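Asks: Just my_file.txt, nothing more (compact mmCIF, C-alpha atoms):
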```txt
# COMPACT_ATOMS: atom_id res chain seq x y z
CA MET M 149 100.39 107.72 86.28
CA PRO M 150 101.77 105.63 83.41
CA GLU M 151 102.44 101.90 83.73
CA PRO M 152 106.01 100.88 84.56
CA VAL M 153 108.09 98.97 82.02
CA ILE M 154 108.34 95.29 82.94
CA ALA M 155 112.09 94.64 83.15
CA ALA M 156 111.51 90.86 83.63
CA ARG M 157 108.73 88.52 84.70
CA LYS M 158 110.76 87.12 87.58
CA PRO M 159 112.61 88.53 90.58
CA VAL M 160 116.35 88.96 90.85
CA VAL M 161 117.94 87.40 93.95
CA LEU M 162 120.96 89.30 95.20
CA GLU M 163 123.14 89.14 98.29
CA LEU M 164 123.41 92.76 99.38
CA GLU M 165 125.85 94.36 101.77
CA PRO M 166 124.60 96.78 104.45
CA GLY M 167 123.72 100.18 103.05
CA THR M 168 121.11 102.28 101.28
CA TYR M 169 119.89 101.24 97.85
CA HIS M 170 117.52 102.83 95.33
CA TRP M 171 115.22 100.40 93.53
CA CYS M 172 114.08 101.31 90.02
CA ALA M 173 110.27 101.71 90.02
CA CYS M 174 109.88 102.75 86.38
CA GLY M 175 111.55 99.71 84.78
CA ARG M 176 113.68 101.83 82.44
CA SER M 177 117.01 101.59 84.27
CA ALA M 178 119.87 99.85 82.46
CA ASN M 179 121.17 98.91 85.93
CA GLN M 180 118.22 96.73 87.06
CA PRO M 181 117.01 96.43 89.75
CA PHE M 182 118.65 99.67 90.79
CA CYS M 183 117.91 103.22 89.64
CA ASP M 184 120.17 104.90 87.10
CA GLY M 185 118.12 108.11 86.72
CA SER M 186 116.15 106.93 83.66
CA HIS M 187 112.87 107.77 85.43
CA LYS M 188 113.31 111.52 84.92
CA GLY M 189 110.17 112.92 83.30
CA THR M 190 108.17 109.69 83.71
CA GLY M 191 106.30 110.47 86.94
CA PHE M 192 108.10 107.62 88.73
CA SER M 193 110.57 107.93 91.60
CA PRO M 194 113.03 105.32 92.87
CA VAL M 195 112.27 103.54 96.13
CA ALA M 196 115.02 103.90 98.76
CA PHE M 197 115.53 100.94 101.08
CA GLU M 198 118.01 100.03 103.79
CA VAL M 199 119.85 96.77 104.31
CA ALA M 200 121.00 96.50 107.93
CA GLU M 201 123.08 93.34 107.57
CA LYS M 202 124.38 91.29 104.65
CA LYS M 203 121.47 89.23 103.32
CA LYS M 204 119.95 87.62 100.25
CA LEU M 205 116.86 89.43 98.92
CA ALA M 206 114.45 88.81 96.04
CA LEU M 207 113.89 92.19 94.36
CA CYS M 208 111.01 92.79 91.97
CA LEU M 209 111.75 93.22 88.27
CA CYS M 210 108.14 93.24 86.99
CA LYS M 211 107.62 96.59 88.79
CA HIS M 212 104.05 95.65 89.82
CA THR M 213 104.78 94.30 93.32
CA GLY M 214 102.64 95.47 96.21
CA ASP M 215 105.69 95.31 98.51
CA ALA M 216 108.29 97.42 96.67
CA PRO M 217 111.16 96.78 96.27
CA TYR M 218 110.60 93.14 97.24
CA CYS M 219 109.04 90.48 95.02
CA ASP M 220 105.55 89.42 96.16
CA GLY M 221 104.85 87.03 93.26
CA THR M 222 102.76 89.49 91.22
CA HIS M 223 104.85 88.65 88.12
CA ARG M 224 103.01 85.31 87.94
CA LYS M 225 99.74 87.15 87.19
CA LEU M 226 101.03 89.48 84.46
```
Would you mind writing the structure in this file as C-alpha cells?
Replies:
Amino acid sequence: MPEPVIAARKPVVLELEPGTYHWCACGRSANQPFCDGSHKGTGFSPVAFEVAEKKKLALCLCKHTGDAPYCDGTHRKL
C-alpha cells in the first residue's frame, strides 16, 4: 500500500456534534480531516467513526496515527 499524504504535522481539534463521520486516511481530501472522495484509486478507504455526544476531539492530520482517526502523537516522529 502507498504512503498517505501528510496533510499537516499536527492534529486538528474540533468540537463535533453527535453523528457519523468519515475521516480521510489518504491525506488527499480538500476537506481535512474528513473524506471528500479523493482516495478513489489510491488503495485507501476512509475510516468511519461515531460521536455519541457533543465533544472536543483531536483528529490526526499526519495520517500515520496508530489510533485512527484520533491523534496519538505520531506526528512528532515524522
Asks: With all atoms listed in the file as the basis for distance, which of M:Cys183, M:Val195, M:Cys210, M:Cys174 is at the shortest distance from Leu226 of chain M?
Replies: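 Selected residue with least distance to Leu226 of chain M: M:Cys210.
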Asks: Expressed in Å to a single decimal, how great is the separation between atom CA of Thr168 of chain M and atom CA of Lys211 of chain M?
Replies: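 For atom CA of Thr168 of chain M relative to atom CA of Lys211 of chain M, the distance reads 19.2 Å.
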Asks: Suppose you want the space between atom CA of Pro194 of chain M and atom CA of His170 of chain M; what is it in Å?
Replies: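 That distance, rounded to one decimal, is 5.7 Å.
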Asks: For Ala216 of chain M, list every protein, DNA or RNA residue within 9 Å, evaluated using all atoms listed in the file, and leave out those in the same chain fewer than 6 positions away; present the list as a list in words.
Replies: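 Listing them by chain and then by number gives Trp171, Ala173, Val195, Leu207 and Cys208 of chain M.
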Asks: Measuring between only C-alpha atoms, which one of M:Cys172, M:Ala178, M:Ile154, M:Leu162 shows the shortest distance to Pro217 of chain M?
Replies: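 With only C-alpha atoms as the atom set, the closest residue is M:Cys172.
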Asks: Quick one: 4 Å padding each side, axis-aligned, all listed atoms of segment 161-177 of chain M - centre and edge lengths in Å to one decimal, as lines of an AutoDock Vina configuration file?
Replies:
```
center_x = 117.9
center_y = 95.1
center_z = 93.4
size_x = 24.0
size_y = 23.4
size_z = 30.0
```
Asks: Between M:Pro150, M:Asp184, M:Ala156, M:Val199, which has the minimum distance to Tyr169 of chain M (counting all atoms listed in the file)?
Replies: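 Ranking M:Pro150, M:Asp184, M:Ala156, M:Val199 by distance to Tyr169 of chain M, first place goes to M:Val199.
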Asks: Which of these, M:Tyr218, M:Phe182, M:Lys188, M:Gly175, has the shortest distance to Leu205 of chain M once you count only C-alpha atoms?
Replies: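 Between M:Tyr218, M:Phe182, M:Lys188, M:Gly175, the residue approaching Leu205 of chain M most closely is M:Tyr218.
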Asks: List the spatial neighbours of Leu164 of chain M as a list in words - criterion: any atom at most 7 Å away, all atoms listed in the file, same-chain residues fewer than 3 positions off excluded.
Replies: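 Counting all atoms listed in the file, the residues come to Lys202, Lys203 and Lys204 of chain M.
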Asks: Between atom CA of Glu201 of chain M and atom CA of Pro159 of chain M, what is the distance, to one decimal in Å?
Replies: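 Result for atom CA of Glu201 of chain M versus atom CA of Pro159 of chain M: 20.5 Å, one decimal.
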Asks: Which one of M:Asp220, M:Gly214, M:Leu209, M:Gly189 sits closest to Lys158 of chain M if you count all atoms listed in the file?
Replies: M:Leu209
Asks: Can you work out which one of M:Gly185, M:Pro166, M:Ala155, M:Lys225 has the shortest atom-to-atom distance to Ala200 of chain M, counting all atoms listed in the file?
Replies: M:Pro166
